[in-house]
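*Asks:* Input: one structure, supplied below.
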There are 2 protein chains.
Amino acid sequence: MSDILNIGIRSKQAQQILASAGGAAVENALNAAAAALERNANYILEENAKDIREASDSGMSDAMIDRLTLTQSRISSMADGLRKVAADENPVGKVIWGETRPNGLKIEKVTVPIGVIAVIFEARPNVTSDAAAICLKAGNSVILRGGKEAINSNKAVAETMRCAIGSAGLPEDCIILIENTSRQSAAELMRLNGYVDLLIPRGGAGLIRSVVENATVPVIETGVGNCHIYVDRDAQIKMAADITVNAKTSRVSVCNACESLLIHRDIAQKALPEIGERLKEKGVEIRGDENVCKILPYAVPASDEDWGTEYLDYIISVKTVADIDEAIAHIARYGTGHSEAIITDSYAAAEKFKQRVDAAAVYVNASTRFTDGGEFGFGAEIGISTQKLHARGPLGVEHMVSSKYVISGSGQIR
Amino acid sequence: MSDILNIGIRSKQAQQILASAGGAAVENALNAAAAALERNANYILEENAKDIREASDSGMSDAMIDRLTLTQSRISSMADGLRKVAADENPVGKVIWGETRPNGLKIEKVTVPIGVIAVIFEARPNVTSDAAAICLKAGNSVILRGGKEAINSNKAVAETMRCAIGSAGLPEDCIILIENTSRQSAAELMRLNGYVDLLIPRGGAGLIRSVVENATVPVIETGVGNCHIYVDRDAQIKMAADITVNAKTSRVSVCNACESLLIHRDIAQKALPEIGERLKEKGVEIRGDENVCKILPYAVPASDEDWGTEYLDYIISVKTVADIDEAIAHIARYGTGHSEAIITDSYAAAEKFKQRVDAAAVYVNASTRFTDGGEFGFGAEIGISTQKLHARGPLGVEHMVSSKYVISGSGQIR
């Protein structure tokens, strides 16, 4: 039997016990895991140091090393995250619909755990604790497959949490980290039908593509965000500049950052110098179409590829459009269905944009950076779903459930 | 460009127009399609006769030919089905959640169409009109890929509906039937990412398996039902017999029919003769374990394969179990997550079964045959989802939607 199949079997068995354990047991276990992370902080930091050493020996970029690095305070944040999830409302066992049929059958629709959730992620070790907590809170066991860059940190975090939930009375196998970080282990996990009920890839476009292409288990796509801001003819220029600068530069490496600016040609001459100057101050490279390059001497010509690129960097593509319809059509063609914004004072333009743009989050006069579980008031999230099935937008504890119909009869036949 | 890709592009363009057409336009179009089906009944019956001729020439079974056959009255039912869907509440544009955040951002969660829905189905031509109506009602365009046995009937039905919705002002391409019934056309459709937002396979276990194995677009699995009835120690024997006979024999070819009977060993000696006799009267072959074969002289020994088989025929597998836990474990191992029933007078057993059995529908003292959109009061259905993402159980118009967050701001940045 392969190691991965064996992990699937163990995870499924653990989930069956977890499903009967009740919400209070899960809450206690997550609080115990939070305390254990803080107690084991020195050990976790030592293991993390190994990863950092190997990363710098192998020439990893500073930005990547920063994502990999744990500190005393980051471990405290992870522990606080667990406590917050622990305190969330139990999403399982809610009766979300019910009816008595004319034949006397009483039908109830009840929320239930999804089952076994697998998460494939890249370099951030805090995903280990976040993802595990969100899955467990909804009665699911979790199989984690992190990147090799963070393997020592992930092992330390997962082992700490396993011991803690075990001491609190849940099966340790509710959390299993796959220590084999080969491509093969990820590929097997993607095809573990009958064991894995849901797979969530959390990482860059390459990972998402590979999962969509190869998985046979159900998948929720997350995270790729080629987000646009469209500055309409009736936009306030200062607001457009404030929002664009915020959405582009407040954190360039995240999926809700703005990657592309569309601007109505009637306002471009007036607005672009102000917006461009503000972006330039922040060190953003502007890749523009012909019109943009005429207006902004410091812009460089954009290639066709730029319109579809999620830079995750201090770069923005900028295009002038004839009208809102061209903006909406451009977004339909190049957007990834994540977050899209219009800046306008026109009621008609705002309504049209809200109605026509097909994305998880559609903004009027606000930064795309708000697409986030915390900012929406949902609490911890396991990613931003950019697909249309099951859940779209920030994925929190409440989305990690399915439902079943429970029917109570007294001998009814059809 | 391949034909299938071209169909994907046309369907997506049509959907964009449909999405702006509004609920009244869709209602009119579906009513027009219903009238057209009745008006064109003779033409549709002629085309159907071609399919039937070819089917009987090729030696198709009578049961299969019956599924393929249209009659004046079946066409009227199809038309009535369209009118019912037309009269359903519009599921699009509902604000299902909303909140104003402390920073003044107003967030609303609004239902939207899924987009382009593809349906791959087998021999029943009525699926063409049912599936098209359910998809359209929720603002989705539909790509239909039926089996070659029904191609003439499907073409006649689809062409009739296309003309009717076209005359009613919607793009004809909201409904596209793929006339190429090769394996290749289905395979391409399963991988049409970027165009197909959801694929629903509707057919036998082989079709479902092929789709799960090969699709890269999001899928909702439907329909495979290895449904169990567990007769508990505290069951009323007459009720157990009535329900088993109903669930097994009222219609053997459907996914909510009972395929396997589990019986507590303490009641087997007393209950099995009565249940067995009633099944035998209906011509049901009983495949039993050793105990069952001892009690029922007319039972034949079951092989291991029987426990996992969806017969869709006058055959049932029967197994004695030591207790409810063994029954639940057997269902977890061999069930397909469709419909599972317990017959019991014990409160504790009923509660345990409802809590522990993981299936779309879990019954106490009622026939599994009730798992159906109409019986649940939901109206028309496009299949029974046996997976846990998005929707589980009968899939109706209300499930053919996604949602998006619409955020109204006044310049907020993060």
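Ligands are numbered from 1 in the order shown, chains are lettered A, B, ... in the order of the structure tokens, and residues start at 1 in each chain.
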Restrict the distance test to only C-alpha atoms, flag each residue of chain A within 6 Å of chain B, and return the flagged residues as a list in words.

*Replies:*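 That gives the following set of residues: Val212, Glu213, Thr216, Met239, Ile243, Ala360, Ala361, Val362, Tyr363, Val364, Asn365, Ala366, Ser367, Lys388, Leu389, His390, Ser402, Lys404, Tyr405, Val406, Ile407, Ser408, Gly409, Ser410, Gly411, Gln412 and Ile413 of chain A.
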
*Asks:* Write the residues of the preceding selection, restricted to N, CA, C and O atoms, as a tab-separated table (two decimals), in the first residue's frame.

*Replies:*
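After the write, selection_13.tsv holds the following:
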chain	number	residue	atom	x	y	z
A	212	VAL	N	-5.72	21.69	-11.03
A	212	VAL	CA	-6.90	21.64	-11.89
A	212	VAL	C	-6.71	20.60	-12.99
A	212	VAL	O	-7.62	19.85	-13.34
A	213	GLU	N	-5.50	20.54	-13.51
A	213	GLU	CA	-5.20	19.64	-14.62
A	213	GLU	C	-5.20	18.18	-14.17
A	213	GLU	O	-5.65	17.30	-14.90
A	216	THR	N	-8.43	14.37	-9.59
A	216	THR	CA	-9.71	13.71	-9.84
A	216	THR	C	-10.63	13.85	-8.64
A	216	THR	O	-11.82	13.59	-8.74
A	239	MET	N	-9.50	60.22	-5.60
A	239	MET	CA	-9.94	58.92	-5.09
A	239	MET	C	-9.36	57.79	-5.94
A	239	MET	O	-8.89	56.77	-5.42
A	243	ILE	N	-6.92	54.96	-4.31
A	243	ILE	CA	-7.31	53.55	-4.32
A	243	ILE	C	-6.32	52.73	-5.15
A	243	ILE	O	-5.93	51.63	-4.75
A	360	ALA	N	-15.54	37.13	-7.91
A	360	ALA	CA	-15.91	36.84	-6.52
A	360	ALA	C	-16.29	38.13	-5.79
A	360	ALA	O	-17.23	38.14	-4.99
A	361	ALA	N	-15.55	39.22	-6.05
A	361	ALA	CA	-15.84	40.48	-5.38
A	361	ALA	C	-15.79	41.62	-6.39
A	361	ALA	O	-14.81	41.75	-7.13
A	362	VAL	N	-16.86	42.40	-6.42
A	362	VAL	CA	-16.95	43.52	-7.37
A	362	VAL	C	-17.12	44.80	-6.54
A	362	VAL	O	-18.06	44.91	-5.75
A	363	TYR	N	-16.20	45.73	-6.70
A	363	TYR	CA	-16.15	46.94	-5.87
A	363	TYR	C	-16.56	48.19	-6.63
A	363	TYR	O	-16.18	48.36	-7.79
A	364	VAL	N	-17.24	49.09	-5.94
A	364	VAL	CA	-17.41	50.45	-6.42
A	364	VAL	C	-16.70	51.36	-5.42
A	364	VAL	O	-16.98	51.32	-4.22
A	365	ASN	N	-15.76	52.15	-5.93
A	365	ASN	CA	-15.08	53.16	-5.11
A	365	ASN	C	-14.45	52.61	-3.83
A	365	ASN	O	-14.61	53.17	-2.74
A	366	ALA	N	-13.77	51.48	-3.98
A	366	ALA	CA	-13.01	50.95	-2.83
A	366	ALA	C	-11.89	50.08	-3.38
A	366	ALA	O	-11.92	49.64	-4.53
A	367	SER	N	-10.91	49.85	-2.52
A	367	SER	CA	-9.72	49.09	-2.92
A	367	SER	C	-10.01	47.60	-3.00
A	367	SER	O	-10.72	47.04	-2.14
A	388	LYS	N	-16.81	29.01	-9.11
A	388	LYS	CA	-18.21	29.33	-8.84
A	388	LYS	C	-18.96	28.26	-8.07
A	388	LYS	O	-20.07	28.49	-7.62
A	389	LEU	N	-18.39	27.08	-7.93
A	389	LEU	CA	-19.09	26.04	-7.19
A	389	LEU	C	-18.79	26.12	-5.70
A	389	LEU	O	-17.69	26.46	-5.31
A	390	HIS	N	-19.78	25.73	-4.91
A	390	HIS	CA	-19.67	25.58	-3.46
A	390	HIS	C	-19.53	26.92	-2.74
A	390	HIS	O	-20.40	27.27	-1.97
A	402	SER	N	-20.70	20.45	4.39
A	402	SER	CA	-21.68	20.03	3.39
A	402	SER	C	-23.02	19.94	4.13
A	402	SER	O	-23.18	20.50	5.22
A	404	LYS	N	-26.71	17.24	4.71
A	404	LYS	CA	-27.45	16.04	4.32
A	404	LYS	C	-28.91	16.23	4.68
A	404	LYS	O	-29.25	17.04	5.53
A	405	TYR	N	-29.78	15.50	3.97
A	405	TYR	CA	-31.18	15.51	4.30
A	405	TYR	C	-31.45	14.36	5.26
A	405	TYR	O	-31.05	13.22	5.00
A	406	VAL	N	-32.11	14.67	6.36
A	406	VAL	CA	-32.49	13.64	7.32
A	406	VAL	C	-34.01	13.57	7.29
A	406	VAL	O	-34.69	14.58	7.48
A	407	ILE	N	-34.54	12.38	7.00
A	407	ILE	CA	-35.97	12.23	6.78
A	407	ILE	C	-36.55	11.27	7.82
A	407	ILE	O	-36.13	10.12	7.92
A	408	SER	N	-37.51	11.77	8.58
A	408	SER	CA	-38.13	10.96	9.62
A	408	SER	C	-39.53	10.54	9.18
A	408	SER	O	-40.37	11.40	8.90
A	409	GLY	N	-39.76	9.24	9.12
A	409	GLY	CA	-41.04	8.73	8.64
A	409	GLY	C	-41.71	7.83	9.65
A	409	GLY	O	-41.25	7.67	10.79
A	410	SER	N	-42.82	7.26	9.22
A	410	SER	CA	-43.57	6.31	10.05
A	410	SER	C	-44.09	5.20	9.15
A	410	SER	O	-45.24	4.80	9.26
A	411	GLY	N	-43.24	4.78	8.22
A	411	GLY	CA	-43.62	3.69	7.34
A	411	GLY	C	-43.99	4.12	5.92
A	411	GLY	O	-44.49	3.30	5.14
A	412	GLN	N	-43.73	5.37	5.55
A	412	GLN	CA	-44.13	5.86	4.22
A	412	GLN	C	-43.46	5.09	3.09
A	412	GLN	O	-42.26	4.82	3.13
A	413	ILE	N	-44.26	4.77	2.08
A	413	ILE	CA	-43.72	4.22	0.84
A	413	ILE	C	-44.26	5.07	-0.32
A	413	ILE	O	-45.21	5.84	-0.15

*Asks:* DSSP on the backbone: which residues in stretch 246-391 of chain A end up as strand (DSSP E or B)? Give the answer as an MDAnalysis selection string.

*Replies:* chainID A and resid 258:264 285:288 300:301 315:321 339:343 361:366 384:385

*Asks:* Any idea what's packed within 10 Å of A:Ile7, counting only C-alpha atoms, ignoring anything in its chain fewer than 6 positions away? Could you give it as a list in words?

*Replies:*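 Non-adjacent residues within range: Gln13, Ile143, Asp173, Ile176, Leu177, Ile178, Leu189 and Tyr195 of chain A.
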
*Asks:* Which residues are close to A:Ser153, i.e. within 8 Å by only C-alpha atoms, leaving aside same-chain residues fewer than 2 positions away? Reply as a PDB file with all heavy atoms, in the first residue's frame.

*Replies:*
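To be explicit, this is the file written out as out-v6.pdb:
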ATOM      1  N   ILE A  44      10.068  25.094  17.695  1.00  0.00           N
ATOM      2  CA  ILE A  44       9.589  25.432  16.348  1.00  0.00           C
ATOM      3  C   ILE A  44      10.560  26.408  15.677  1.00  0.00           C
ATOM      4  O   ILE A  44      10.898  26.268  14.499  1.00  0.00           O
ATOM      5  CB  ILE A  44       8.153  26.007  16.415  1.00  0.00           C
ATOM      6  CG1 ILE A  44       7.168  24.923  16.911  1.00  0.00           C
ATOM      7  CG2 ILE A  44       7.710  26.541  15.057  1.00  0.00           C
ATOM      8  CD1 ILE A  44       5.789  25.443  17.268  1.00  0.00           C
ATOM      9  N   LEU A  45      11.048  27.376  16.464  1.00  0.00           N
ATOM     10  CA  LEU A  45      11.987  28.357  15.889  1.00  0.00           C
ATOM     11  C   LEU A  45      13.309  27.688  15.479  1.00  0.00           C
ATOM     12  O   LEU A  45      13.884  28.025  14.443  1.00  0.00           O
ATOM     13  CB  LEU A  45      12.248  29.505  16.875  1.00  0.00           C
ATOM     14  CG  LEU A  45      11.041  30.434  17.103  1.00  0.00           C
ATOM     15  CD1 LEU A  45      11.358  31.469  18.192  1.00  0.00           C
ATOM     16  CD2 LEU A  45      10.634  31.142  15.806  1.00  0.00           C
ATOM     17  N   GLU A  47      13.654  24.590  14.452  1.00  0.00           N
ATOM     18  CA  GLU A  47      13.393  23.851  13.203  1.00  0.00           C
ATOM     19  C   GLU A  47      13.249  24.824  12.036  1.00  0.00           C
ATOM     20  O   GLU A  47      13.710  24.554  10.929  1.00  0.00           O
ATOM     21  CB  GLU A  47      12.128  22.993  13.341  1.00  0.00           C
ATOM     22  CG  GLU A  47      12.247  21.875  14.364  1.00  0.00           C
ATOM     23  CD  GLU A  47      13.360  20.886  13.985  1.00  0.00           C
ATOM     24  OE1 GLU A  47      13.328  20.363  12.861  1.00  0.00           O
ATOM     25  OE2 GLU A  47      14.272  20.666  14.835  1.00  0.00           O
ATOM     26  N   ASN A  48      12.598  25.945  12.287  1.00  0.00           N
ATOM     27  CA  ASN A  48      12.440  26.964  11.252  1.00  0.00           C
ATOM     28  C   ASN A  48      13.814  27.492  10.806  1.00  0.00           C
ATOM     29  O   ASN A  48      14.041  27.744   9.605  1.00  0.00           O
ATOM     30  CB  ASN A  48      11.562  28.104  11.790  1.00  0.00           C
ATOM     31  CG  ASN A  48      11.296  29.195  10.761  1.00  0.00           C
ATOM     32  OD1 ASN A  48      11.682  30.334  10.931  1.00  0.00           O
ATOM     33  ND2 ASN A  48      10.640  28.836   9.661  1.00  0.00           N
ATOM     34  N   ASP A  51      15.303  25.478   8.083  1.00  0.00           N
ATOM     35  CA  ASP A  51      14.735  25.788   6.763  1.00  0.00           C
ATOM     36  C   ASP A  51      15.337  27.077   6.204  1.00  0.00           C
ATOM     37  O   ASP A  51      15.646  27.172   5.018  1.00  0.00           O
ATOM     38  CB  ASP A  51      13.208  25.952   6.854  1.00  0.00           C
ATOM     39  CG  ASP A  51      12.487  24.628   7.091  1.00  0.00           C
ATOM     40  OD1 ASP A  51      13.012  23.584   6.644  1.00  0.00           O
ATOM     41  OD2 ASP A  51      11.411  24.652   7.711  1.00  0.00           O
ATOM     42  N   PRO A 125       4.833  28.597   6.597  1.00  0.00           N
ATOM     43  CA  PRO A 125       4.526  27.578   7.606  1.00  0.00           C
ATOM     44  C   PRO A 125       3.276  27.890   8.438  1.00  0.00           C
ATOM     45  O   PRO A 125       2.682  26.976   9.004  1.00  0.00           O
ATOM     46  CB  PRO A 125       5.777  27.535   8.487  1.00  0.00           C
ATOM     47  CG  PRO A 125       6.642  28.660   8.082  1.00  0.00           C
ATOM     48  CD  PRO A 125       6.149  29.226   6.803  1.00  0.00           C
ATOM     49  N   ALA A 150       9.786  24.509   3.536  1.00  0.00           N
ATOM     50  CA  ALA A 150       9.340  24.736   4.909  1.00  0.00           C
ATOM     51  C   ALA A 150       9.156  23.425   5.671  1.00  0.00           C
ATOM     52  O   ALA A 150       8.525  23.402   6.730  1.00  0.00           O
ATOM     53  CB  ALA A 150       8.017  25.515   4.893  1.00  0.00           C
ATOM     54  N   ILE A 151       9.740  22.350   5.178  1.00  0.00           N
ATOM     55  CA  ILE A 151       9.394  21.038   5.726  1.00  0.00           C
ATOM     56  C   ILE A 151       9.711  20.893   7.208  1.00  0.00           C
ATOM     57  O   ILE A 151       8.909  20.339   7.978  1.00  0.00           O
ATOM     58  CB  ILE A 151      10.017  19.882   4.901  1.00  0.00           C
ATOM     59  CG1 ILE A 151       9.554  18.520   5.416  1.00  0.00           C
ATOM     60  CG2 ILE A 151      11.536  19.958   4.854  1.00  0.00           C
ATOM     61  CD1 ILE A 151       8.093  18.246   5.238  1.00  0.00           C
ATOM     62  N   LYS A 155       6.812  20.343   9.954  1.00  0.00           N
ATOM     63  CA  LYS A 155       6.813  19.152  10.812  1.00  0.00           C
ATOM     64  C   LYS A 155       6.698  19.545  12.278  1.00  0.00           C
ATOM     65  O   LYS A 155       5.947  18.926  13.047  1.00  0.00           O
ATOM     66  CB  LYS A 155       8.096  18.328  10.588  1.00  0.00           C
ATOM     67  CG  LYS A 155       7.991  17.394   9.395  1.00  0.00           C
ATOM     68  CD  LYS A 155       9.340  16.913   8.904  1.00  0.00           C
ATOM     69  CE  LYS A 155       9.972  15.851   9.797  1.00  0.00           C
ATOM     70  NZ  LYS A 155      11.200  15.298   9.122  1.00  0.00           N
ATOM     71  N   ALA A 156       7.449  20.573  12.663  1.00  0.00           N
ATOM     72  CA  ALA A 156       7.423  20.993  14.069  1.00  0.00           C
ATOM     73  C   ALA A 156       6.032  21.491  14.460  1.00  0.00           C
ATOM     74  O   ALA A 156       5.504  21.152  15.527  1.00  0.00           O
ATOM     75  CB  ALA A 156       8.480  22.080  14.311  1.00  0.00           C
ATOM     76  N   VAL A 157       5.422  22.289  13.576  1.00  0.00           N
ATOM     77  CA  VAL A 157       4.087  22.832  13.889  1.00  0.00           C
ATOM     78  C   VAL A 157       3.053  21.697  13.915  1.00  0.00           C
ATOM     79  O   VAL A 157       2.238  21.593  14.842  1.00  0.00           O
ATOM     80  CB  VAL A 157       3.684  23.914  12.860  1.00  0.00           C
ATOM     81  CG1 VAL A 157       2.226  24.324  13.045  1.00  0.00           C
ATOM     82  CG2 VAL A 157       4.599  25.133  12.986  1.00  0.00           C
TER      83      VAL A 157
END

*Asks:* Would you mind reading off the distance between atom CA of A:Leu82 and atom CA of A:Ile382, one decimal, in Å?

*Replies:*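 Pair atom CA of A:Leu82 / atom CA of A:Ile382 returns 12.6 Å.
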
*Asks:* Counting only C-alpha atoms, what is within 10 Å of B:Asp3, bar same-chain residues fewer than 6 positions away, as an MDAnalysis selection string?

*Replies:* chainID B and resid 9 178 180 185 188
